[in-house]
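Chemist: This structure is in structure tokens; I'll ask about it shortly.
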Amino acid sequence: MKAIQVTRFGEPDVLNYLRVPDPLVAADQVLIEVKGASVNFADIKARQGGYHLGKKPPFIPGIDVAGIVIEVGSKVTRFGAGDRVLAFPASGSYAQKCVAAESLSFAIPDSVDFITAAACPIAAGTVTHMLTSIARIKSHERLLVHAAAGGVGTMAVEVAKALGIKIIFGSTGSPWKIERLGKKGLMAIVDYTGEDYPESIKALTDGEGVDVILNPIGGRSINRDLKCLAPFGRIVQFGMLSGEPSAVPVEVLHPTNRSITGFSFGHYRKFRPELIQATMDRLIGFLEQGEIEVTIDRCLPLSEAAQAHRCLENREAVGKIVLVDE
Ligand SMILES: NC(=O)c1ccc[n+]([C@@H]2O[C@H](COP(=O)([O-])OP(=O)(O)OC[C@H]3O[C@@H](n4cnc5c(N)ncnc54)[C@H](OP(=O)(O)O)[C@@H]3O)[C@@H](O)[C@H]2O)c1
């Protein structure tokens, strides 16, 4: 099969498009013909050698997929050849074929196309789990989504709306994205790189602040978030896009019952896979009912994976980038 292989850690040009052996299917796995593989920030970190769950070169990147089952292992009971699935694969999804555990594969509803399905597993799975199981958000609560124009950010806004959240604020560090975000039903969009967004959020919430903040920025943004986090509020820190170290004053948490929780969907998948079943069932329900609109920035041929990584690293994308076999 053709695939993208990282032969050494480095810049996007280490993503080589070449011919490699097909993956072998274990007894509890399905073999998938890839129809779409989404590009996640974790793929960039893996290529650079900085992903906490990453592999050593040579490896095929890609941690989510949508496609057609072409073979099943001897112990597989839920799927057969021809089934449409989205999955968290065991082998890289930047390829024409990959394998995934049956337990981490999910049927794609008939009404959902492969590109939409491919965009969802990591980005939409992460936000669904963060909002429902980690932050345990209630429909009357107010939410701030940082980097709301990103792949995860656009999904967060959609999943929050599907959960009945009415008051949603977004942030971006790229002013040109404000107009694009304006159409997504956000109450206001702030600049997460500025010192003054907490005041804006407080002014917009009658001085009360927000109840839940999804923060993939880290660093000093956590300190700023604390200035606009309401009593009983929860910050879920799930990325370190700023690259800055954090110095969080824990003494401001307990007097008002506020908390900061770290979250890694990859760590959950690896060590508590049984706990994401309910999340994925809920997400697939949203997709089936047409309750979330998935923003696809662009589709690129698999051979142009390096270009896809440059787009993400240069902050050019609004929504998800999906690789497709040409
Ligand atoms: N913990 C988990 O389970 C989990 C799962 C998925 C993703 N994540 C994390 O969530 C974050 C977003 O991932 P994503 O896949 O949504 O990525 P994405 O689509 O590329 O969105 C990232 C956005 O972050 C902003 N950004 C800030 N610093 C950046 C930088 N140095 N390089 C590129 N973009 C930067 C940009 O928004 P502006 O232009 O608005 O600044 C960009 O659009 C990443 O940190 C990723 O590691 C974590």
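Ligands are numbered from 1 in the order shown, residues from 1 within each chain, and chains are lettered A, B, ... in the order they appear in the structure tokens.
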Could you please write out, as number ranges by chain, every residue of region 23-223 of chain A that DSSP assigns to strand (DSSP E or B)?
Modeler: A: 29-38, 59, 65-72, 84-87, 95, 97-101, 105-107, 142-145, 167-172, 188-191, 210-215
Chemist: Residues as selected, C-alpha atoms, written as an mmCIF file, in the first residue's frame, can you do that?
Modeler:
data_model
loop_
_atom_site.group_PDB
_atom_site.id
_atom_site.type_symbol
_atom_site.label_atom_id
_atom_site.label_comp_id
_atom_site.auth_asym_id
_atom_site.auth_seq_id
_atom_site.Cartn_x
_atom_site.Cartn_y
_atom_site.Cartn_z
ATOM 1 C CA GLN A 29 -8.838 -6.042 14.952
ATOM 2 C CA VAL A 30 -10.451 -4.887 11.718
ATOM 3 C CA LEU A 31 -8.520 -3.938 8.565
ATOM 4 C CA ILE A 32 -9.821 -0.645 7.164
ATOM 5 C CA GLU A 33 -9.549 0.787 3.655
ATOM 6 C CA VAL A 34 -8.937 4.448 4.511
ATOM 7 C CA LYS A 35 -11.398 6.956 3.015
ATOM 8 C CA GLY A 36 -10.241 9.864 5.145
ATOM 9 C CA ALA A 37 -7.657 10.534 7.849
ATOM 10 C CA SER A 38 -7.812 13.779 9.767
ATOM 11 C CA PHE A 59 6.364 5.227 11.659
ATOM 12 C CA VAL A 65 -9.709 7.387 10.469
ATOM 13 C CA ALA A 66 -12.916 6.736 8.550
ATOM 14 C CA GLY A 67 -13.210 3.971 5.975
ATOM 15 C CA ILE A 68 -14.543 0.595 4.926
ATOM 16 C CA VAL A 69 -13.807 -2.681 6.731
ATOM 17 C CA ILE A 70 -12.077 -5.040 4.282
ATOM 18 C CA GLU A 71 -11.082 -7.867 6.650
ATOM 19 C CA VAL A 72 -11.814 -8.843 10.252
ATOM 20 C CA ARG A 84 -18.391 1.787 7.241
ATOM 21 C CA VAL A 85 -16.457 2.675 10.389
ATOM 22 C CA LEU A 86 -14.698 5.517 12.120
ATOM 23 C CA ALA A 87 -11.896 4.431 14.426
ATOM 24 C CA ALA A 95 -2.109 5.297 4.640
ATOM 25 C CA LYS A 97 -5.058 0.822 4.895
ATOM 26 C CA CYS A 98 -4.817 0.643 8.674
ATOM 27 C CA VAL A 99 -5.879 -1.683 11.500
ATOM 28 C CA ALA A 100 -7.987 -0.808 14.557
ATOM 29 C CA ALA A 101 -9.205 -2.722 17.583
ATOM 30 C CA SER A 105 -14.108 1.133 15.959
ATOM 31 C CA PHE A 106 -17.614 2.578 15.590
ATOM 32 C CA ALA A 107 -20.260 2.266 12.859
ATOM 33 C CA ARG A 142 -21.524 29.552 30.391
ATOM 34 C CA LEU A 143 -18.605 28.279 28.328
ATOM 35 C CA LEU A 144 -15.405 29.841 26.934
ATOM 36 C CA VAL A 145 -13.722 27.899 24.107
ATOM 37 C CA ILE A 167 -23.931 31.052 26.337
ATOM 38 C CA ILE A 168 -20.728 30.270 24.460
ATOM 39 C CA PHE A 169 -17.764 32.608 24.025
ATOM 40 C CA GLY A 170 -14.834 31.879 21.732
ATOM 41 C CA SER A 171 -11.280 33.125 21.456
ATOM 42 C CA THR A 172 -8.707 33.342 18.689
ATOM 43 C CA ALA A 188 -18.577 37.124 21.543
ATOM 44 C CA ILE A 189 -15.061 36.411 20.353
ATOM 45 C CA VAL A 190 -12.047 37.575 22.368
ATOM 46 C CA ASP A 191 -8.283 37.592 21.733
ATOM 47 C CA VAL A 210 -17.861 31.740 32.874
ATOM 48 C CA ASP A 211 -18.428 28.300 34.400
ATOM 49 C CA VAL A 212 -16.300 26.178 32.076
ATOM 50 C CA ILE A 213 -13.196 27.037 30.039
ATOM 51 C CA LEU A 214 -11.587 24.694 27.503
ATOM 52 C CA ASN A 215 -7.936 25.720 27.334
#
Chemist: Can you tell me which residues come within 7 Å of ligand 1 when counting only C-alpha atoms and all ligand atoms, ideally as an mmCIF file with N, CA, C and O atoms, in the first residue's frame?
Modeler:
data_model
loop_
_atom_site.group_PDB
_atom_site.id
_atom_site.type_symbol
_atom_site.label_atom_id
_atom_site.label_comp_id
_atom_site.auth_asym_id
_atom_site.auth_seq_id
_atom_site.Cartn_x
_atom_site.Cartn_y
_atom_site.Cartn_z
ATOM 1 N N ASN A 40 -4.291 15.999 12.951
ATOM 2 C CA ASN A 40 -4.419 16.523 14.314
ATOM 3 C C ASN A 40 -3.121 17.169 14.757
ATOM 4 O O ASN A 40 -2.040 16.827 14.260
ATOM 5 N N PHE A 41 -3.241 18.067 15.716
ATOM 6 C CA PHE A 41 -2.032 18.740 16.219
ATOM 7 C C PHE A 41 -1.051 17.708 16.783
ATOM 8 O O PHE A 41 0.165 17.888 16.687
ATOM 9 N N ALA A 42 -1.590 16.620 17.338
ATOM 10 C CA ALA A 42 -0.725 15.563 17.882
ATOM 11 C C ALA A 42 0.165 14.960 16.792
ATOM 12 O O ALA A 42 1.269 14.489 17.073
ATOM 13 N N ILE A 122 -10.902 12.107 16.952
ATOM 14 C CA ILE A 122 -10.093 12.773 17.969
ATOM 15 C C ILE A 122 -10.713 14.105 18.389
ATOM 16 O O ILE A 122 -10.955 14.349 19.587
ATOM 17 N N ALA A 123 -10.975 14.979 17.430
ATOM 18 C CA ALA A 123 -11.414 16.339 17.785
ATOM 19 C C ALA A 123 -12.770 16.318 18.497
ATOM 20 O O ALA A 123 -12.923 16.895 19.575
ATOM 21 N N THR A 126 -12.690 14.195 21.795
ATOM 22 C CA THR A 126 -12.049 14.943 22.886
ATOM 23 C C THR A 126 -13.016 15.939 23.509
ATOM 24 O O THR A 126 -13.168 15.997 24.732
ATOM 25 N N ALA A 147 -9.076 29.136 21.267
ATOM 26 C CA ALA A 147 -8.683 28.675 19.915
ATOM 27 C C ALA A 147 -9.900 28.069 19.209
ATOM 28 O O ALA A 147 -9.844 26.968 18.652
ATOM 29 N N ALA A 148 -10.995 28.829 19.242
ATOM 30 C CA ALA A 148 -12.289 28.306 18.781
ATOM 31 C C ALA A 148 -12.348 28.059 17.278
ATOM 32 O O ALA A 148 -13.283 27.419 16.794
ATOM 33 N N ALA A 149 -11.366 28.569 16.531
ATOM 34 C CA ALA A 149 -11.377 28.348 15.080
ATOM 35 C C ALA A 149 -10.613 27.095 14.680
ATOM 36 O O ALA A 149 -10.631 26.691 13.518
ATOM 37 N N GLY A 150 -9.935 26.456 15.628
ATOM 38 C CA GLY A 150 -9.137 25.264 15.318
ATOM 39 C C GLY A 150 -10.022 24.042 15.106
ATOM 40 O O GLY A 150 -11.256 24.100 15.231
ATOM 41 N N GLY A 151 -9.382 22.930 14.806
ATOM 42 C CA GLY A 151 -10.124 21.695 14.595
ATOM 43 C C GLY A 151 -10.909 21.305 15.838
ATOM 44 O O GLY A 151 -12.103 20.997 15.774
ATOM 45 N N VAL A 152 -10.260 21.353 16.990
ATOM 46 C CA VAL A 152 -10.934 21.020 18.247
ATOM 47 C C VAL A 152 -11.911 22.133 18.627
ATOM 48 O O VAL A 152 -13.034 21.874 19.064
ATOM 49 N N GLY A 153 -11.495 23.384 18.440
ATOM 50 C CA GLY A 153 -12.326 24.524 18.833
ATOM 51 C C GLY A 153 -13.661 24.556 18.097
ATOM 52 O O GLY A 153 -14.711 24.761 18.713
ATOM 53 N N SER A 171 -12.446 32.250 21.574
ATOM 54 C CA SER A 171 -11.280 33.125 21.456
ATOM 55 C C SER A 171 -10.450 32.692 20.259
ATOM 56 O O SER A 171 -10.531 31.550 19.806
ATOM 57 N N THR A 172 -9.667 33.633 19.744
ATOM 58 C CA THR A 172 -8.707 33.342 18.689
ATOM 59 C C THR A 172 -7.500 34.237 18.891
ATOM 60 O O THR A 172 -7.616 35.305 19.500
ATOM 61 N N GLY A 173 -6.353 33.802 18.360
ATOM 62 C CA GLY A 173 -5.170 34.651 18.372
ATOM 63 C C GLY A 173 -4.932 35.261 17.001
ATOM 64 O O GLY A 173 -3.946 35.963 16.797
ATOM 65 N N SER A 174 -5.811 34.957 16.043
ATOM 66 C CA SER A 174 -5.662 35.447 14.660
ATOM 67 C C SER A 174 -6.868 36.306 14.306
ATOM 68 O O SER A 174 -7.954 35.769 14.051
ATOM 69 N N LYS A 177 -9.687 35.515 11.770
ATOM 70 C CA LYS A 177 -10.632 34.405 11.970
ATOM 71 C C LYS A 177 -11.936 34.863 12.643
ATOM 72 O O LYS A 177 -12.899 34.111 12.700
ATOM 73 N N PRO A 216 -6.513 24.948 25.449
ATOM 74 C CA PRO A 216 -5.384 24.205 24.884
ATOM 75 C C PRO A 216 -4.129 25.074 24.770
ATOM 76 O O PRO A 216 -3.163 24.688 24.126
ATOM 77 N N ILE A 217 -4.159 26.259 25.402
ATOM 78 C CA ILE A 217 -3.074 27.247 25.230
ATOM 79 C C ILE A 217 -2.011 27.093 26.322
ATOM 80 O O ILE A 217 -0.818 27.165 26.062
ATOM 81 N N PHE A 238 -5.966 21.175 28.131
ATOM 82 C CA PHE A 238 -5.755 19.960 27.319
ATOM 83 C C PHE A 238 -4.723 20.150 26.221
ATOM 84 O O PHE A 238 -4.622 19.321 25.315
ATOM 85 N N GLY A 239 -3.926 21.209 26.300
ATOM 86 C CA GLY A 239 -2.874 21.426 25.304
ATOM 87 C C GLY A 239 -1.942 22.513 25.788
ATOM 88 O O GLY A 239 -2.217 23.203 26.784
ATOM 89 N N MET A 240 -0.816 22.647 25.085
ATOM 90 C CA MET A 240 0.223 23.607 25.490
ATOM 91 C C MET A 240 0.678 24.406 24.273
ATOM 92 O O MET A 240 1.876 24.534 24.008
ATOM 93 N N LEU A 241 -0.310 24.937 23.526
ATOM 94 C CA LEU A 241 0.029 25.624 22.276
ATOM 95 C C LEU A 241 0.971 26.805 22.504
ATOM 96 O O LEU A 241 1.785 27.136 21.644
ATOM 97 N N SER A 242 0.877 27.460 23.663
ATOM 98 C CA SER A 242 1.722 28.635 23.919
ATOM 99 C C SER A 242 3.187 28.241 24.092
ATOM 100 O O SER A 242 4.079 29.051 23.873
ATOM 101 N N PHE A 263 -6.366 17.104 30.805
ATOM 102 C CA PHE A 263 -7.069 16.043 30.071
ATOM 103 C C PHE A 263 -6.302 15.633 28.823
ATOM 104 O O PHE A 263 -5.862 16.476 28.040
ATOM 105 N N SER A 264 -6.155 14.320 28.640
ATOM 106 C CA SER A 264 -5.589 13.762 27.411
ATOM 107 C C SER A 264 -6.482 12.616 26.940
ATOM 108 O O SER A 264 -6.610 11.597 27.623
ATOM 109 N N PHE A 265 -7.089 12.812 25.794
ATOM 110 C CA PHE A 265 -7.950 11.756 25.222
ATOM 111 C C PHE A 265 -7.095 10.545 24.839
ATOM 112 O O PHE A 265 -7.507 9.392 25.007
ATOM 113 N N GLY A 266 -5.870 10.795 24.351
ATOM 114 C CA GLY A 266 -4.967 9.704 23.968
ATOM 115 C C GLY A 266 -4.635 8.811 25.153
ATOM 116 O O GLY A 266 -4.606 7.581 25.053
ATOM 117 N N LEU A 312 -1.527 23.736 9.183
ATOM 118 C CA LEU A 312 -1.877 23.747 10.607
ATOM 119 C C LEU A 312 -0.861 24.564 11.408
ATOM 120 O O LEU A 312 -1.230 25.381 12.250
ATOM 121 N N GLU A 313 0.403 24.339 11.105
ATOM 122 C CA GLU A 313 1.444 25.036 11.873
ATOM 123 C C GLU A 313 1.423 26.537 11.614
ATOM 124 O O GLU A 313 1.781 27.324 12.480
ATOM 125 N N ASN A 314 1.003 26.931 10.403
ATOM 126 C CA ASN A 314 0.939 28.366 10.073
ATOM 127 C C ASN A 314 -0.399 28.988 10.472
ATOM 128 O O ASN A 314 -0.686 30.122 10.111
ATOM 129 N N ARG A 315 -1.243 28.211 11.177
ATOM 130 C CA ARG A 315 -2.562 28.682 11.652
ATOM 131 C C ARG A 315 -3.464 29.123 10.520
ATOM 132 O O ARG A 315 -4.281 30.035 10.677
ATOM 133 N N GLU A 316 -3.329 28.470 9.359
ATOM 134 C CA GLU A 316 -4.130 28.879 8.201
ATOM 135 C C GLU A 316 -5.508 28.245 8.196
ATOM 136 O O GLU A 316 -6.396 28.709 7.495
ATOM 137 N N ALA A 317 -5.683 27.158 8.956
ATOM 138 C CA ALA A 317 -6.928 26.398 8.855
ATOM 139 C C ALA A 317 -8.006 26.924 9.796
ATOM 140 O O ALA A 317 -7.721 27.356 10.905
ATOM 141 N N VAL A 318 -9.242 26.883 9.323
ATOM 142 C CA VAL A 318 -10.411 27.093 10.186
ATOM 143 C C VAL A 318 -11.202 25.793 10.109
ATOM 144 O O VAL A 318 -11.796 25.487 9.084
ATOM 145 N N GLY A 319 -11.153 25.008 11.184
ATOM 146 C CA GLY A 319 -11.766 23.679 11.162
ATOM 147 C C GLY A 319 -10.730 22.617 10.852
ATOM 148 O O GLY A 319 -9.525 22.832 11.022
ATOM 149 N N LYS A 320 -11.209 21.486 10.387
ATOM 150 C CA LYS A 320 -10.355 20.307 10.221
ATOM 151 C C LYS A 320 -9.780 20.177 8.810
ATOM 152 O O LYS A 320 -10.410 20.545 7.827
#
Chemist: What is the CA of Pro89 (chain A) to CA of Ala162 (chain A) distance in Å?
Modeler: 26.6 Å
Chemist: Tell me, counting only C-alpha atoms, for each residue of region 231-257 of chain A within 10 Å of region 131-135 of chain A, which pair of atoms is nearest and how far apart they are in Å to one decimal, in rows ordered by chain and increasing number, as a tab-separated table.
Modeler:
residue	atom	partner	partner_atom	distance
A:Gly233	CA	A:Ala135	CA	8.8
A:Arg234	CA	A:Ala135	CA	6.2
A:Ile235	CA	A:Ala135	CA	7.8
A:Val236	CA	A:Ala135	CA	7.0
Chemist: When distances are computed from only C-alpha atoms, which of A:Glu274, A:Thr154, A:Met1, A:Phe79 shows the smallest separation from Ser93 (chain A)?
Modeler: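 Result for the nearest residue to Ser93 (chain A): A:Met1.
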Chemist: Per DSSP on the backbone, what are the helix (DSSP H, G or I) residues of region 98-287 of chain A, as a ChimeraX atom specification?
Modeler: /A:102-104,114-119,121-134,151-162,177-184,197-204,220-226,250-252,254-256,265-271,273-287
Chemist: Based on the selection just made, write C-alpha atoms of those residues as a JSON list (two decimals), in the first residue's frame.
Modeler:
[["chain", "number", "residue", "atom", "x", "y", "z"],
["A", 102, "GLU", "CA", -12.87, -3.70, 17.28],
["A", 103, "SER", "CA", -13.46, -1.94, 20.63],
["A", 104, "LEU", "CA", -12.10, 1.35, 19.22],
["A", 114, "PHE", "CA", -16.62, 9.68, 5.10],
["A", 115, "ILE", "CA", -14.97, 13.12, 5.25],
["A", 116, "THR", "CA", -17.23, 14.30, 8.07],
["A", 117, "ALA", "CA", -16.70, 11.01, 9.91],
["A", 118, "ALA", "CA", -12.91, 11.19, 9.44],
["A", 119, "ALA", "CA", -12.80, 14.68, 10.97],
["A", 121, "PRO", "CA", -12.86, 10.80, 16.24],
["A", 122, "ILE", "CA", -10.09, 12.77, 17.97],
["A", 123, "ALA", "CA", -11.41, 16.34, 17.78],
["A", 124, "ALA", "CA", -15.09, 15.66, 18.50],
["A", 125, "GLY", "CA", -14.35, 12.72, 20.83],
["A", 126, "THR", "CA", -12.05, 14.94, 22.89],
["A", 127, "VAL", "CA", -14.52, 17.80, 23.28],
["A", 128, "THR", "CA", -17.50, 15.52, 23.94],
["A", 129, "HIS", "CA", -15.57, 13.76, 26.71],
["A", 130, "MET", "CA", -14.21, 17.00, 28.17],
["A", 131, "LEU", "CA", -17.60, 18.72, 28.26],
["A", 132, "THR", "CA", -19.67, 15.78, 29.52],
["A", 133, "SER", "CA", -17.38, 13.61, 31.67],
["A", 134, "ILE", "CA", -14.62, 15.99, 32.80],
["A", 151, "GLY", "CA", -10.12, 21.69, 14.60],
["A", 152, "VAL", "CA", -10.93, 21.02, 18.25],
["A", 153, "GLY", "CA", -12.33, 24.52, 18.83],
["A", 154, "THR", "CA", -14.90, 24.38, 16.02],
["A", 155, "MET", "CA", -16.04, 20.95, 17.26],
["A", 156, "ALA", "CA", -16.27, 22.23, 20.85],
["A", 157, "VAL", "CA", -18.70, 24.98, 19.84],
["A", 158, "GLU", "CA", -20.87, 22.50, 17.91],
["A", 159, "VAL", "CA", -20.91, 19.83, 20.63],
["A", 160, "ALA", "CA", -21.68, 22.48, 23.27],
["A", 161, "LYS", "CA", -24.67, 23.67, 21.22],
["A", 162, "ALA", "CA", -25.83, 20.06, 20.83],
["A", 177, "LYS", "CA", -10.63, 34.41, 11.97],
["A", 178, "ILE", "CA", -13.11, 36.58, 13.90],
["A", 179, "GLU", "CA", -15.36, 37.07, 10.88],
["A", 180, "ARG", "CA", -15.38, 33.31, 10.14],
["A", 181, "LEU", "CA", -16.15, 32.53, 13.79],
["A", 182, "GLY", "CA", -18.90, 35.14, 13.87],
["A", 183, "LYS", "CA", -21.17, 32.81, 11.93],
["A", 184, "LYS", "CA", -20.92, 29.98, 14.47],
["A", 197, "TYR", "CA", -9.96, 39.34, 27.66],
["A", 198, "PRO", "CA", -10.96, 38.40, 31.26],
["A", 199, "GLU", "CA", -12.41, 41.91, 31.69],
["A", 200, "SER", "CA", -14.33, 41.56, 28.42],
["A", 201, "ILE", "CA", -15.74, 38.20, 29.51],
["A", 202, "LYS", "CA", -16.71, 39.57, 32.92],
["A", 203, "ALA", "CA", -18.40, 42.58, 31.33],
["A", 204, "LEU", "CA", -20.34, 40.24, 29.03],
["A", 220, "ARG", "CA", -0.05, 32.56, 31.25],
["A", 221, "SER", "CA", -3.49, 32.10, 29.69],
["A", 222, "ILE", "CA", -4.43, 29.90, 32.67],
["A", 223, "ASN", "CA", -3.75, 32.82, 35.05],
["A", 224, "ARG", "CA", -5.89, 35.08, 32.87],
["A", 225, "ASP", "CA", -8.66, 32.46, 32.74],
["A", 226, "LEU", "CA", -8.78, 32.43, 36.54],
["A", 250, "VAL", "CA", -3.53, 27.24, 43.64],
["A", 251, "GLU", "CA", -4.57, 29.37, 46.64],
["A", 252, "VAL", "CA", -7.21, 31.09, 44.47],
["A", 254, "HIS", "CA", -10.30, 26.34, 47.08],
["A", 255, "PRO", "CA", -12.03, 29.44, 48.55],
["A", 256, "THR", "CA", -14.43, 29.47, 45.59],
["A", 265, "PHE", "CA", -7.95, 11.76, 25.22],
["A", 266, "GLY", "CA", -4.97, 9.70, 23.97],
["A", 267, "HIS", "CA", -4.09, 8.69, 27.53],
["A", 268, "TYR", "CA", -7.73, 7.70, 28.14],
["A", 269, "ARG", "CA", -7.79, 5.64, 24.93],
["A", 270, "LYS", "CA", -4.60, 3.84, 25.88],
["A", 271, "PHE", "CA", -5.27, 3.20, 29.57],
["A", 273, "PRO", "CA", -10.52, 2.61, 26.58],
["A", 274, "GLU", "CA", -13.75, 1.30, 28.16],
["A", 275, "LEU", "CA", -14.51, 4.82, 29.47],
["A", 276, "ILE", "CA", -14.77, 6.41, 26.05],
["A", 277, "GLN", "CA", -17.48, 4.07, 24.71],
["A", 278, "ALA", "CA", -20.31, 6.18, 26.13],
["A", 279, "THR", "CA", -18.67, 9.34, 24.79],
["A", 280, "MET", "CA", -18.41, 7.92, 21.29],
["A", 281, "ASP", "CA", -22.01, 6.63, 21.39],
["A", 282, "ARG", "CA", -23.18, 10.11, 22.34],
["A", 283, "LEU", "CA", -21.09, 11.76, 19.63],
["A", 284, "ILE", "CA", -22.33, 9.33, 16.97],
["A", 285, "GLY", "CA", -25.88, 10.09, 18.09],
["A", 286, "PHE", "CA", -25.23, 13.81, 17.51],
["A", 287, "LEU", "CA", -23.87, 13.04, 14.03]]
Chemist: Please identify all polymer residues within 7 Å of Glu244 (chain A), counting only C-alpha atoms, omitting same-chain residues fewer than 2 positions from it, and present them as JSON, numbers by chain.
Modeler: {"A": [218, 219, 242, 246]}
Chemist: Please, could you write that set of residues out with N, CA, C and O atoms as a PDB file, in the first residue's frame?
Modeler:
ATOM      1  N   GLY A 218      -2.445  26.898  27.571  1.00  0.00           N
ATOM      2  CA  GLY A 218      -1.516  26.759  28.696  1.00  0.00           C
ATOM      3  C   GLY A 218      -0.801  28.060  29.015  1.00  0.00           C
ATOM      4  O   GLY A 218      -1.242  29.154  28.639  1.00  0.00           O
ATOM      5  N   GLY A 219       0.308  27.964  29.739  1.00  0.00           N
ATOM      6  CA  GLY A 219       1.116  29.133  30.087  1.00  0.00           C
ATOM      7  C   GLY A 219       0.314  30.187  30.842  1.00  0.00           C
ATOM      8  O   GLY A 219      -0.527  29.866  31.684  1.00  0.00           O
ATOM      9  N   SER A 242       0.877  27.460  23.663  1.00  0.00           N
ATOM     10  CA  SER A 242       1.722  28.635  23.919  1.00  0.00           C
ATOM     11  C   SER A 242       3.187  28.241  24.092  1.00  0.00           C
ATOM     12  O   SER A 242       4.079  29.051  23.873  1.00  0.00           O
ATOM     13  N   SER A 246       3.697  27.170  33.052  1.00  0.00           N
ATOM     14  CA  SER A 246       2.602  27.781  33.825  1.00  0.00           C
ATOM     15  C   SER A 246       3.010  27.942  35.277  1.00  0.00           C
ATOM     16  O   SER A 246       3.723  27.103  35.818  1.00  0.00           O
TER      17      SER A 246
END
Chemist: Would you compute the distance between CA of Phe232 (chain A) and CA of Leu253 (chain A)? Give it in Å to one decimal.
Modeler: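 CA of Leu253 (chain A) lies at a distance of 9.1 Å from CA of Phe232 (chain A).
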